[in-house]
Each structure stands twice: as structure tokens, then as C-alpha cells.
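Accompanying notes for the structure given below.
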Amino acid sequence: MNSIEKALIDEIKKTLGKVAQLAPGWRLILGTETLDATSVIKKLDNDKKLRKFVLKHYVGIAVELEQKAREKLEGTSGPS
Amino acid sequence: MKALLVRPRFDDPTQYTFGFAAEILQWCREAGINLVELAEDKATRAKVEEEIRRGIDLYIHYNHGSENTLYGQGGISAVDLSNCHLLTGKEIYTLACLSAKSLGVEVWRQGGKYWGYVDVVSFTTDALDRFKESFNCGFRYLFIEGDRQNALSRAKDTFNRLTFELVGTGKMIAAICMRENGQNLRYYDTNAPDSGCQLRRMLIKVLGQKRGWASPSPKALIYRVYYWFWHDVMKRPEPYTDTWRRSIKKHPKLWLSIIIGVPVGISILLSVLLGHLGGFW
């Protein structure tokens, strides 16, 4: 895990820590597993597959947001 | 149209999927679809097979799944590679992990149309309405609106829209799950699925699509023989394939020590015994 990925995972863990405090009933259903926020934090430390899954989609969503922003820009910048 | 809805409920995830399927039930009633429901304890393999044999056009399954199996009540196989021939020529709509990977392909190969997921399905409890919308939207496009041509692309658009709605509300874990589910969604209708099997890919290359897909997968054949042996010969209620697979996954160290330990133990015992009898010790 490089420094950017580590920073991202740390931020996600902080958010999940807040979720654990504010919404104790929150659950992640992952196939047959049911995890509360604290368990997800622990799993992010130990489970490489889950970390990869989260990072893959975090980056994917960021890329798509950038694409959307560019499309918006192209849509508004017509000939003057 | 006659439909069969199977929705077991026996653990945390199925509490939610049971609820998601209630909307399907309501839509079918409103659309005049003749629906038979097998819920909770009625969602057994025997009852599922019985209802399919009575004649249905559409099979709907909301519960756990694996590559080869759709599970019934208590996690016991309801439909798998050994009885999926019953679904020949039928429409299948599922919310279940992984089932489009092998089972869906085999059903499609036998003339069925299959809606499902090729990987683990995930969701969070802070956005249940949005997840329900995503899981059920395909059913609306396919069977209520009748838009078979564009159902998959429309469903993928719905997953994308919901992903960004979740990002907008700060529910990132939910957004991640939504994006993953959308990427894993498949609909096998007239288009051939991608085969993960090297042999199948080679057959398709050499013989063409139609002939290449004509033979059943070795996995399906093994499954049928295995099921026949355990269920019909040994009179066991469930083929033990999944029980063992689940157990190996759950306790890998225990199984590894059994696999290594038992032959090593027997070898030591035999060498001591034979060595003693032969007068070497």
C-alpha cells in the first residue's frame, strides 16, 4: 500500500469510526457476512482483498467524477 | 405469464433481501402476472422443483448464491448445476451472489435467459431504498415495461445514477457497493456470455458459437453425477459439495492439517508397525 492509498484508507476508517458512534445500527452486508462499522475498520486493517475492493472503487468514482466534470465543461463552453 | 418467486429468510442478509422481493410481489400483482410464492420454510429444493415442473415462465430468486447454486431456506441448495435443466427455456431473475458466473451460463446454454451477478453482492443499511431500487429495476424494465433490448444498459445506468446520488449524500461505502454491484450485473439473453473456461473458448473458436456452446460444461456433468450419488444413491438430503467447500473455506488450517496429517500419521504408524514386525526396530 503506497502513501496515498494509506491516507485514503485512514480517512475511510475515520469516517467509519464516526458512523460507529452516530449510527450504531449501520451494517455492511458483504455476501453472507454482516459487518458493523467497527468490524469493517478491523477488516480494512487485516483484509487485503477488502482494501483493494474499496480503493478500486474509490479511484473509479473519482475518475468518473472528473469525466462528468469535463463533460459539463464541454457542454457549457459553446461557441461565443 | 406464470412466475415463481423464491425468497427464503434465515439470517441477516436474507432479512433484507426478503424485504426487497416484496416490491417484486407487489409489481406482479399490479401487472396481472400469475405469481406463486415460496417464502421462508416453503423455499426448499423439493417445493421449488415441484412448482417449476408444474409449469412456469419466469423464475425469481432472492437469497444467497454461489457460482453453481441458488440457495433455499437454511442455505440448502434449491437450484444448482444438477437440476438447472428444469429451467430450460425460462426467464430467470436473481438477486444472489455469483450465480451468473457458472449457473447462469449453464442455464443460458440450455436455452434460458438469466439475470444475475458474477461476484459477491454487497449493500449497506443506510441506503436500503436505493439498493432496493437498483436490485429491482431490471425486473421493472424486463417484465413490467417489456424493454428487453435495453434492460441491461438501463439497469447499469440506474446503478451509476444511484452511485453518484450516494456520493452526493456522503455515503461512500454504499456508493462503492452500488458501483461494484452494477459492474457485476449480467443479462444472458440472445448474446453469448464470456466463458471463463479455456476449453470452451477453444471449442467456440474452432466450431463457432452455436456448436461451441452445445456441449455441457464438465463442471455441470460432475455436479449431476455427484448429486445423483449423494441424493439418489446415498439418500442424503443435500449434495455435500457445498458443505465441504464452505467448511474448507471456513477452516483452511484444519483441513490442511487433516490432508497432510492423516497420510503422514498413517505412514509413521505403518513404518513403526512393519519395522517392528520385520525386526528393524
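Every chain in the C-alpha cells takes a letter, A first, then B, and so on in the order presented; its residues are numbered from 1, and the ligands are numbered from 1 following the presented order.
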Contact check, chain A to chain B, at most 9 Å, counting only C-alpha atoms, closest pairs as a tab-separated table:
```
residue	atom	partner	partner_atom	distance
A:Ile12	CA	B:Met172	CA	8.6
A:Ala23	CA	B:Asp126	CA	8.9
A:Gly25	CA	B:Thr125	CA	8.1
A:Trp26	CA	B:Thr125	CA	5.7
A:Arg27	CA	B:Thr125	CA	5.4
A:Leu28	CA	B:Thr124	CA	4.5
A:Ile29	CA	B:Phe123	CA	5.3
A:Leu30	CA	B:Ser122	CA	4.5
A:Gly31	CA	B:Val120	CA	5.4
A:Thr32	CA	B:Pro13	CA	6.5
A:Glu33	CA	B:Pro13	CA	7.6
A:Thr34	CA	B:Asp12	CA	6.8
A:Phe53	CA	B:Ile176	CA	8.4
A:Val54	CA	B:Ile176	CA	6.7
A:Lys56	CA	B:Ile176	CA	8.8
A:His57	CA	B:Ile176	CA	5.5
A:Tyr58	CA	B:Ile176	CA	6.8
A:Gly60	CA	B:Arg179	CA	8.9
A:Ile61	CA	B:Ile176	CA	8.0
A:Leu65	CA	B:Phe164	CA	8.4
```
Take the residues from that selection and write them out as a PDB file, in the first residue's frame, keeping N, CA and C atoms.
```pdb
ATOM      1  N   ILE A  12     -11.076   6.805   5.421  1.00  0.00           N
ATOM      2  CA  ILE A  12     -12.286   5.954   5.410  1.00  0.00           C
ATOM      3  C   ILE A  12     -12.507   5.381   6.810  1.00  0.00           C
ATOM      4  N   ALA A  23     -24.292   6.131  14.201  1.00  0.00           N
ATOM      5  CA  ALA A  23     -25.319   5.188  13.725  1.00  0.00           C
ATOM      6  C   ALA A  23     -24.897   3.764  14.060  1.00  0.00           C
ATOM      7  N   GLY A  25     -26.423   1.190  14.429  1.00  0.00           N
ATOM      8  CA  GLY A  25     -27.170   0.135  13.713  1.00  0.00           C
ATOM      9  C   GLY A  25     -26.693  -0.069  12.280  1.00  0.00           C
ATOM     10  N   TRP A  26     -25.729   0.735  11.843  1.00  0.00           N
ATOM     11  CA  TRP A  26     -25.235   0.640  10.456  1.00  0.00           C
ATOM     12  C   TRP A  26     -24.567  -0.714  10.226  1.00  0.00           C
ATOM     13  N   ARG A  27     -24.866  -1.317   9.099  1.00  0.00           N
ATOM     14  CA  ARG A  27     -24.260  -2.603   8.754  1.00  0.00           C
ATOM     15  C   ARG A  27     -23.857  -2.629   7.277  1.00  0.00           C
ATOM     16  N   LEU A  28     -22.759  -3.337   7.023  1.00  0.00           N
ATOM     17  CA  LEU A  28     -22.363  -3.632   5.638  1.00  0.00           C
ATOM     18  C   LEU A  28     -22.647  -5.109   5.400  1.00  0.00           C
ATOM     19  N   ILE A  29     -23.474  -5.388   4.390  1.00  0.00           N
ATOM     20  CA  ILE A  29     -23.758  -6.787   4.035  1.00  0.00           C
ATOM     21  C   ILE A  29     -22.853  -7.129   2.853  1.00  0.00           C
ATOM     22  N   LEU A  30     -21.970  -8.077   3.081  1.00  0.00           N
ATOM     23  CA  LEU A  30     -20.991  -8.452   2.063  1.00  0.00           C
ATOM     24  C   LEU A  30     -21.152  -9.946   1.812  1.00  0.00           C
ATOM     25  N   GLY A  31     -22.038 -10.260   0.873  1.00  0.00           N
ATOM     26  CA  GLY A  31     -22.360 -11.675   0.639  1.00  0.00           C
ATOM     27  C   GLY A  31     -23.063 -12.265   1.835  1.00  0.00           C
ATOM     28  N   THR A  32     -22.456 -13.266   2.467  1.00  0.00           N
ATOM     29  CA  THR A  32     -23.092 -13.888   3.629  1.00  0.00           C
ATOM     30  C   THR A  32     -22.680 -13.208   4.936  1.00  0.00           C
ATOM     31  N   GLU A  33     -21.724 -12.279   4.851  1.00  0.00           N
ATOM     32  CA  GLU A  33     -21.218 -11.607   6.054  1.00  0.00           C
ATOM     33  C   GLU A  33     -22.017 -10.350   6.373  1.00  0.00           C
ATOM     34  N   THR A  34     -22.224 -10.095   7.654  1.00  0.00           N
ATOM     35  CA  THR A  34     -22.819  -8.833   8.094  1.00  0.00           C
ATOM     36  C   THR A  34     -21.831  -8.163   9.044  1.00  0.00           C
ATOM     37  N   PHE A  53     -10.687  -3.751  -2.856  1.00  0.00           N
ATOM     38  CA  PHE A  53     -12.059  -3.520  -3.322  1.00  0.00           C
ATOM     39  C   PHE A  53     -12.455  -2.058  -3.095  1.00  0.00           C
ATOM     40  N   VAL A  54     -12.190  -1.554  -1.890  1.00  0.00           N
ATOM     41  CA  VAL A  54     -12.553  -0.177  -1.537  1.00  0.00           C
ATOM     42  C   VAL A  54     -11.748   0.816  -2.383  1.00  0.00           C
ATOM     43  N   LYS A  56     -10.201   0.370  -5.260  1.00  0.00           N
ATOM     44  CA  LYS A  56     -10.549   0.272  -6.689  1.00  0.00           C
ATOM     45  C   LYS A  56     -11.753   1.161  -7.016  1.00  0.00           C
ATOM     46  N   HIS A  57     -12.775   1.076  -6.183  1.00  0.00           N
ATOM     47  CA  HIS A  57     -13.989   1.835  -6.473  1.00  0.00           C
ATOM     48  C   HIS A  57     -13.856   3.308  -6.089  1.00  0.00           C
ATOM     49  N   TYR A  58     -13.077   3.593  -5.053  1.00  0.00           N
ATOM     50  CA  TYR A  58     -12.833   4.998  -4.685  1.00  0.00           C
ATOM     51  C   TYR A  58     -12.178   5.721  -5.859  1.00  0.00           C
ATOM     52  N   GLY A  60     -12.111   4.651  -8.985  1.00  0.00           N
ATOM     53  CA  GLY A  60     -13.046   4.588 -10.116  1.00  0.00           C
ATOM     54  C   GLY A  60     -14.071   5.702 -10.060  1.00  0.00           C
ATOM     55  N   ILE A  61     -14.627   5.935  -8.861  1.00  0.00           N
ATOM     56  CA  ILE A  61     -15.624   7.000  -8.696  1.00  0.00           C
ATOM     57  C   ILE A  61     -14.970   8.365  -8.949  1.00  0.00           C
ATOM     58  N   LEU A  65     -16.116  11.021 -11.716  1.00  0.00           N
ATOM     59  CA  LEU A  65     -16.485  12.400 -11.331  1.00  0.00           C
ATOM     60  C   LEU A  65     -15.741  13.404 -12.210  1.00  0.00           C
TER      61      LEU A  65
END
```
| task | Based on DSSP run over this structure's backbone, return all residues of segment 103-264 of chain B in alpha helix (DSSP H), as an MDAnalysis selection string. | result | chainID B and resid 103:109 128:139 151:168 172:184 198:207 209:212 218:227 241:250 252:264
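The gap separating atom CA of Ala43 of chain B from atom CA of Gly19 of chain B is 15.2 Å, in Å to one decimal.
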| Among the residues A:Leu16, A:Leu22, A:Asn46, A:Val59, the one that comes closest to Ile4 of chain A [using only C-alpha atoms] |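 Among the listed residues, the smallest separation from Ile4 of chain A belongs to A:Val59.
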| Å distance separating atom CA of Val206 of chain B from atom CA of Val225 of chain B, one decimal place |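 If I compute the distance from atom CA of Val206 of chain B to atom CA of Val225 of chain B, I get 28.2 Å.
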Which residues come within 10 Å of Lys2 of chain B, counting only C-alpha atoms, excluding same-chain residues fewer than 2 positions away, as an mmCIF file with C-alpha atoms, in the first residue's frame?
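Everything below was put into part.cif:
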```cif
data_model
loop_
_atom_site.group_PDB
_atom_site.id
_atom_site.type_symbol
_atom_site.label_atom_id
_atom_site.label_comp_id
_atom_site.auth_asym_id
_atom_site.auth_seq_id
_atom_site.Cartn_x
_atom_site.Cartn_y
_atom_site.Cartn_z
ATOM 1 C CA LEU B 4 -42.341 -18.387 -9.233
ATOM 2 C CA CYS B 28 -46.507 -8.766 -10.269
ATOM 3 C CA GLY B 32 -51.510 -9.262 -13.511
ATOM 4 C CA ILE B 33 -48.614 -11.733 -13.509
ATOM 5 C CA ASN B 34 -49.733 -15.049 -12.019
ATOM 6 C CA LEU B 35 -47.225 -15.438 -9.179
ATOM 7 C CA VAL B 36 -46.569 -18.396 -6.888
ATOM 8 C CA GLY B 55 -45.035 -25.049 -15.454
ATOM 9 C CA ILE B 56 -43.692 -21.521 -15.066
ATOM 10 C CA ASP B 57 -42.359 -18.890 -17.463
ATOM 11 C CA LEU B 58 -40.348 -16.852 -15.001
ATOM 12 C CA TYR B 59 -38.250 -17.905 -12.013
#
```
| message | What does the structure give for the distance between atom CA of Asp232 of chain B and atom CA of Glu49 of chain B, in Å to one decimal? | response | 15.3 Å
